[in-house]
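data01.cif (mmCIF, N, CA, C and O atoms) appears below.
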data_data
#
loop_
_atom_site.label_atom_id
_atom_site.label_comp_id
_atom_site.auth_asym_id
_atom_site.auth_seq_id
_atom_site.Cartn_x
_atom_site.Cartn_y
_atom_site.Cartn_z
N LEU D 1 -2.41 -13.28 -10.79
CA LEU D 1 -2.54 -13.52 -9.37
C LEU D 1 -3.95 -13.11 -8.95
O LEU D 1 -4.35 -11.97 -9.17
N GLU D 2 -4.68 -14.04 -8.36
CA GLU D 2 -6.04 -13.74 -7.93
C GLU D 2 -6.08 -12.85 -6.70
O GLU D 2 -6.94 -11.98 -6.58
N LYS D 3 -5.18 -13.10 -5.74
CA LYS D 3 -5.22 -12.38 -4.48
C LYS D 3 -3.83 -12.36 -3.87
O LYS D 3 -3.08 -13.31 -3.97
N ALA D 4 -3.53 -11.25 -3.19
CA ALA D 4 -2.29 -11.14 -2.42
C ALA D 4 -2.66 -10.90 -0.97
O ALA D 4 -3.41 -9.98 -0.66
N ASP D 5 -2.13 -11.74 -0.08
CA ASP D 5 -2.39 -11.54 1.35
C ASP D 5 -1.69 -10.28 1.83
O ASP D 5 -2.26 -9.50 2.57
N VAL D 6 -0.42 -10.10 1.42
CA VAL D 6 0.35 -8.93 1.80
C VAL D 6 1.18 -8.47 0.60
O VAL D 6 1.84 -9.27 -0.04
N LEU D 7 1.14 -7.18 0.34
CA LEU D 7 1.96 -6.58 -0.70
C LEU D 7 2.91 -5.61 -0.02
O LEU D 7 2.49 -4.63 0.59
N LYS D 8 4.22 -5.91 -0.06
CA LYS D 8 5.21 -5.03 0.53
C LYS D 8 5.88 -4.25 -0.60
O LYS D 8 6.36 -4.83 -1.57
N ILE D 9 5.88 -2.93 -0.46
CA ILE D 9 6.40 -2.07 -1.51
C ILE D 9 7.47 -1.16 -0.94
O ILE D 9 7.24 -0.43 0.01
N ASP D 10 8.65 -1.18 -1.55
CA ASP D 10 9.75 -0.28 -1.20
C ASP D 10 10.45 0.03 -2.51
O ASP D 10 11.40 -0.65 -2.90
N ILE D 11 9.94 1.05 -3.22
CA ILE D 11 10.39 1.28 -4.59
C ILE D 11 10.98 2.67 -4.81
O ILE D 11 10.99 3.19 -5.93
N GLU D 12 11.49 3.25 -3.74
CA GLU D 12 12.31 4.46 -3.82
C GLU D 12 11.76 5.56 -4.72
O GLU D 12 12.44 6.06 -5.61
N GLY D 13 10.51 5.93 -4.53
CA GLY D 13 9.92 7.03 -5.28
C GLY D 13 9.05 6.61 -6.45
O GLY D 13 8.41 7.43 -7.08
N GLY D 14 8.99 5.33 -6.74
CA GLY D 14 8.17 4.84 -7.85
C GLY D 14 6.70 4.68 -7.50
O GLY D 14 5.92 4.17 -8.30
N GLU D 15 6.32 5.13 -6.31
CA GLU D 15 4.94 4.98 -5.87
C GLU D 15 3.95 5.68 -6.79
O GLU D 15 2.83 5.21 -6.99
N VAL D 16 4.36 6.79 -7.38
CA VAL D 16 3.47 7.54 -8.26
C VAL D 16 2.98 6.65 -9.39
O VAL D 16 1.76 6.54 -9.65
N GLU D 17 3.87 5.98 -10.08
CA GLU D 17 3.50 5.13 -11.21
C GLU D 17 2.67 3.93 -10.77
O GLU D 17 1.71 3.54 -11.44
N VAL D 18 3.03 3.32 -9.67
CA VAL D 18 2.33 2.12 -9.22
C VAL D 18 0.89 2.42 -8.83
O VAL D 18 -0.02 1.67 -9.16
N PHE D 19 0.68 3.54 -8.14
CA PHE D 19 -0.66 3.82 -7.61
C PHE D 19 -1.50 4.75 -8.47
O PHE D 19 -2.68 4.92 -8.18
N GLN D 20 -0.97 5.31 -9.54
CA GLN D 20 -1.78 6.21 -10.36
C GLN D 20 -2.89 5.47 -11.09
O GLN D 20 -3.92 6.06 -11.40
N ASP D 21 -2.71 4.19 -11.34
CA ASP D 21 -3.73 3.40 -12.03
C ASP D 21 -3.90 2.06 -11.33
O ASP D 21 -3.80 1.01 -11.96
N SER D 22 -4.14 2.09 -10.03
CA SER D 22 -4.21 0.85 -9.26
C SER D 22 -5.63 0.33 -9.07
O SER D 22 -5.81 -0.74 -8.50
N ASP D 23 -6.61 1.05 -9.57
CA ASP D 23 -8.01 0.66 -9.34
C ASP D 23 -8.33 -0.74 -9.86
O ASP D 23 -9.19 -1.41 -9.31
N HIS D 24 -7.65 -1.19 -10.90
CA HIS D 24 -7.96 -2.50 -11.48
C HIS D 24 -7.34 -3.67 -10.73
O HIS D 24 -7.67 -4.82 -11.00
N TRP D 25 -6.44 -3.42 -9.75
CA TRP D 25 -5.84 -4.53 -9.01
C TRP D 25 -5.85 -4.38 -7.49
O TRP D 25 -5.70 -5.36 -6.77
N ILE D 26 -6.04 -3.20 -6.97
CA ILE D 26 -5.90 -2.98 -5.53
C ILE D 26 -6.93 -3.75 -4.70
O ILE D 26 -6.65 -4.14 -3.56
N ASP D 27 -8.09 -4.04 -5.25
CA ASP D 27 -9.11 -4.79 -4.51
C ASP D 27 -8.70 -6.24 -4.25
O ASP D 27 -9.30 -6.91 -3.42
N ARG D 28 -7.67 -6.71 -4.95
CA ARG D 28 -7.19 -8.08 -4.74
C ARG D 28 -6.10 -8.17 -3.69
O ARG D 28 -5.53 -9.23 -3.47
N VAL D 29 -5.78 -7.05 -3.05
CA VAL D 29 -4.74 -6.99 -2.02
C VAL D 29 -5.42 -6.85 -0.66
O VAL D 29 -6.20 -5.93 -0.45
N ASP D 30 -5.08 -7.76 0.28
CA ASP D 30 -5.66 -7.71 1.62
C ASP D 30 -4.90 -6.78 2.56
O ASP D 30 -5.48 -6.23 3.47
N ALA D 31 -3.59 -6.64 2.34
CA ALA D 31 -2.79 -5.78 3.22
C ALA D 31 -1.60 -5.21 2.43
O ALA D 31 -1.08 -5.87 1.53
N ILE D 32 -1.21 -4.01 2.80
CA ILE D 32 -0.07 -3.34 2.16
C ILE D 32 0.89 -2.88 3.25
O ILE D 32 0.47 -2.36 4.28
N MET D 33 2.16 -3.06 2.96
CA MET D 33 3.22 -2.50 3.81
C MET D 33 4.10 -1.69 2.85
O MET D 33 4.64 -2.23 1.89
N ILE D 34 4.19 -0.39 3.10
CA ILE D 34 4.87 0.49 2.15
C ILE D 34 5.70 1.54 2.87
O ILE D 34 5.32 2.03 3.93
N GLU D 35 6.83 1.87 2.27
CA GLU D 35 7.67 2.95 2.76
C GLU D 35 7.63 4.08 1.73
O GLU D 35 8.30 4.01 0.70
N PRO D 36 6.77 5.08 1.95
CA PRO D 36 6.70 6.20 1.00
C PRO D 36 8.01 6.97 0.96
O PRO D 36 8.72 7.05 1.96
N HIS D 37 8.32 7.54 -0.19
CA HIS D 37 9.60 8.22 -0.37
C HIS D 37 9.42 9.65 -0.88
O HIS D 37 9.98 10.03 -1.90
N ASP D 38 8.66 10.45 -0.18
CA ASP D 38 8.50 11.86 -0.56
C ASP D 38 9.84 12.60 -0.57
O ASP D 38 10.01 13.55 -1.32
N HIS D 39 10.78 12.17 0.25
CA HIS D 39 12.08 12.84 0.29
C HIS D 39 12.89 12.59 -0.99
O HIS D 39 13.78 13.35 -1.31
N LEU D 40 12.54 11.54 -1.74
CA LEU D 40 13.20 11.28 -3.02
C LEU D 40 12.42 11.83 -4.20
O LEU D 40 13.00 12.20 -5.21
N ARG D 41 11.10 11.84 -4.07
CA ARG D 41 10.23 12.30 -5.15
C ARG D 41 9.00 12.94 -4.53
O ARG D 41 8.14 12.23 -3.99
N CYS D 42 8.92 14.22 -4.63
CA CYS D 42 7.81 14.97 -4.05
C CYS D 42 6.47 14.44 -4.58
O CYS D 42 6.32 14.22 -5.78
N GLY D 43 5.54 14.21 -3.69
CA GLY D 43 4.22 13.74 -4.08
C GLY D 43 4.06 12.24 -4.11
O GLY D 43 2.98 11.74 -4.41
N SER D 44 5.11 11.50 -3.79
CA SER D 44 5.04 10.04 -3.82
C SER D 44 3.95 9.50 -2.90
O SER D 44 3.30 8.51 -3.22
N SER D 45 3.76 10.12 -1.76
CA SER D 45 2.78 9.59 -0.81
C SER D 45 1.34 9.96 -1.14
O SER D 45 0.41 9.39 -0.55
N ASP D 46 1.11 10.87 -2.07
CA ASP D 46 -0.26 11.28 -2.41
C ASP D 46 -1.09 10.09 -2.91
O ASP D 46 -2.19 9.85 -2.43
N GLY D 47 -0.57 9.37 -3.88
CA GLY D 47 -1.28 8.20 -4.41
C GLY D 47 -1.39 7.09 -3.40
O GLY D 47 -2.40 6.39 -3.32
N VAL D 48 -0.35 6.95 -2.58
CA VAL D 48 -0.36 5.95 -1.53
C VAL D 48 -1.50 6.23 -0.56
O VAL D 48 -2.29 5.35 -0.23
N GLU D 49 -1.62 7.46 -0.12
CA GLU D 49 -2.68 7.83 0.83
C GLU D 49 -4.06 7.64 0.23
O GLU D 49 -4.98 7.19 0.90
N ARG D 50 -4.23 7.95 -1.05
CA ARG D 50 -5.52 7.77 -1.71
C ARG D 50 -5.93 6.30 -1.67
O ARG D 50 -7.07 5.97 -1.34
N VAL D 51 -4.99 5.42 -1.95
CA VAL D 51 -5.28 3.99 -1.96
C VAL D 51 -5.48 3.46 -0.54
O VAL D 51 -6.39 2.68 -0.28
N LEU D 52 -4.64 3.89 0.39
CA LEU D 52 -4.73 3.37 1.75
C LEU D 52 -6.02 3.76 2.45
O LEU D 52 -6.42 3.09 3.40
N ARG D 53 -6.69 4.78 1.98
CA ARG D 53 -7.99 5.15 2.56
C ARG D 53 -9.03 4.04 2.39
O ARG D 53 -10.02 3.99 3.10
N THR D 54 -8.80 3.13 1.45
CA THR D 54 -9.74 2.02 1.23
C THR D 54 -9.46 0.86 2.18
O THR D 54 -10.20 -0.13 2.16
N PHE D 55 -8.40 0.96 2.99
CA PHE D 55 -8.04 -0.07 3.96
C PHE D 55 -8.37 0.47 5.36
O PHE D 55 -7.73 1.41 5.82
N PRO D 56 -9.32 -0.13 6.07
CA PRO D 56 -9.78 0.44 7.33
C PRO D 56 -8.82 0.28 8.52
O PRO D 56 -8.90 1.03 9.48
N VAL D 57 -7.90 -0.65 8.47
CA VAL D 57 -6.98 -0.88 9.58
C VAL D 57 -5.60 -0.35 9.19
O VAL D 57 -5.06 -0.73 8.16
N ARG D 58 -5.04 0.55 10.03
CA ARG D 58 -3.74 1.15 9.72
C ARG D 58 -2.84 1.13 10.93
O ARG D 58 -3.30 1.26 12.05
N TRP D 59 -1.54 0.96 10.71
CA TRP D 59 -0.54 1.00 11.76
C TRP D 59 0.83 1.25 11.14
O TRP D 59 0.97 1.23 9.92
N CYS D 60 1.84 1.47 11.95
CA CYS D 60 3.21 1.68 11.48
C CYS D 60 4.12 0.62 12.08
O CYS D 60 3.94 0.20 13.22
N GLU D 61 5.07 0.19 11.27
CA GLU D 61 6.12 -0.74 11.69
C GLU D 61 7.43 -0.10 11.27
O GLU D 61 7.83 -0.21 10.11
N GLY D 62 8.08 0.60 12.18
CA GLY D 62 9.30 1.32 11.82
C GLY D 62 8.99 2.35 10.76
O GLY D 62 8.12 3.20 10.93
N GLU D 63 9.68 2.28 9.61
CA GLU D 63 9.46 3.23 8.51
C GLU D 63 8.29 2.83 7.61
O GLU D 63 7.92 3.58 6.72
N LEU D 64 7.74 1.66 7.83
CA LEU D 64 6.64 1.17 6.98
C LEU D 64 5.30 1.69 7.45
O LEU D 64 4.99 1.68 8.64
N THR D 65 4.50 2.13 6.49
CA THR D 65 3.10 2.41 6.74
C THR D 65 2.35 1.15 6.33
O THR D 65 2.54 0.64 5.22
N CYS D 66 1.52 0.64 7.21
CA CYS D 66 0.83 -0.62 6.96
C CYS D 66 -0.68 -0.39 6.99
O CYS D 66 -1.17 0.43 7.77
N ALA D 67 -1.37 -1.14 6.17
CA ALA D 67 -2.82 -1.04 6.11
C ALA D 67 -3.39 -2.39 5.71
O ALA D 67 -2.75 -3.15 4.98
N ALA D 68 -4.57 -2.68 6.24
CA ALA D 68 -5.19 -3.98 5.94
C ALA D 68 -6.70 -3.83 5.86
O ALA D 68 -7.28 -2.92 6.44
N ARG D 69 -7.28 -4.77 5.17
CA ARG D 69 -8.74 -4.86 5.12
C ARG D 69 -9.19 -5.69 6.33
O ARG D 69 -8.43 -6.52 6.84
N GLU D 70 -10.41 -5.48 6.78
CA GLU D 70 -10.95 -6.29 7.87
C GLU D 70 -10.86 -7.75 7.50
O GLU D 70 -11.13 -8.13 6.36
N GLY D 71 -10.45 -8.58 8.43
CA GLY D 71 -10.36 -10.01 8.19
C GLY D 71 -9.09 -10.46 7.50
O GLY D 71 -8.94 -11.66 7.21
N ALA D 72 -8.17 -9.57 7.19
CA ALA D 72 -6.93 -9.93 6.51
C ALA D 72 -6.12 -10.89 7.38
O ALA D 72 -6.07 -10.77 8.61
N ALA D 73 -5.48 -11.85 6.76
CA ALA D 73 -4.70 -12.87 7.48
C ALA D 73 -3.61 -12.24 8.34
O ALA D 73 -3.32 -12.75 9.43
N ILE D 74 -3.03 -11.13 7.91
CA ILE D 74 -1.95 -10.50 8.66
C ILE D 74 -2.43 -10.02 10.03
O ILE D 74 -1.64 -9.90 10.97
N LEU D 75 -3.69 -9.75 10.18
CA LEU D 75 -4.24 -9.28 11.45
C LEU D 75 -4.40 -10.41 12.46
O LEU D 75 -4.57 -10.15 13.65
N GLU D 76 -4.34 -11.64 12.01
CA GLU D 76 -4.54 -12.79 12.88
C GLU D 76 -3.25 -13.22 13.58
O GLU D 76 -3.29 -14.04 14.46
N THR D 77 -2.12 -12.68 13.18
CA THR D 77 -0.85 -13.10 13.77
C THR D 77 -0.40 -12.16 14.86
O THR D 77 -0.85 -11.09 15.03
#

Write-out of the structure in structure tokens:
Amino acid sequence: LEKADVLKIDIEGGEVEVFQDSDHWIDRVDAIMIEPHDHLRCGSSDGVERVLRTFPVRWCEGELTCAAREGAAILET
């Protein structure tokens, strides 16, 4: 996959594994919607926060933490 407009992640504590080595693919994602699960696995949001710092636009939708790059298609709706 060359690019993802939106990546929605709800993996019940698996955030540690997904984001521990995300440097090789995260630049191809324009926006992320994620529900961190620190209550299921301590430290799950640490990697999420590290990655989300590279996305300048942030907001919340219910339990989801959302982030986007400038110009992302999701910001146009």

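The space between CA of Glu61 in chain D and CA of Met33 in chain D spans 8.6 Å.
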
Q: Provide the CA of Trp59 in chain D to CA of Asp21 in chain D distance in Å, to one decimal place.
A: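 Computed distance, CA of Trp59 in chain D to CA of Asp21 in chain D, equals 24.1 Å.
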
Q. Can you list every residue in chain D that DSSP puts in strand (DSSP E or B), as a PyMOL selection string?
A. chain D and resi 4+7-9+29+31-34+57-61+64-68

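Counting from atom C of Gly13 in chain D, the distance to atom O of Ile74 in chain D is 26.3 Å.
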
Q.
Using only C-alpha atoms for the distances, tell me which of D:Val16, D:Ile34, D:Val6, D:Ile11 is nearest to Leu64 in chain D.
A.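 Of D:Val16, D:Ile34, D:Val6, D:Ile11, the one nearest Leu64 in chain D is D:Ile34, counting only C-alpha atoms.
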
**Q.** Pick from D:Leu75, D:Val57, D:Cys66, D:Leu52 nearest to Lys8 in chain D, counting only C-alpha atoms
**A.**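 Of D:Leu75, D:Val57, D:Cys66, D:Leu52, the one nearest Lys8 in chain D, counting only C-alpha atoms, is D:Cys66.
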
(Q) Using all atoms listed in the file, can you tell me which of D:Val51, D:Ile26, D:Val18, D:Ile9 comes closest to Glu63 in chain D? (A)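 Residue with the minimum atom-to-atom distance to Glu63 in chain D: D:Ile9.
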
**Q.** Shortest interatomic distance to Pro56 in chain D - which of D:Glu76, D:Glu15, D:Glu35, D:Asp30, counting only N, CA, C and O atoms
**A.**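 Smallest separation from Pro56 in chain D among the options: D:Asp30.
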
Q | Among listed residues D:Gly47, D:Ala73, D:His37, D:Thr54, nearest Ala4 in chain D (using only C-alpha atoms) | A | D:Ala73
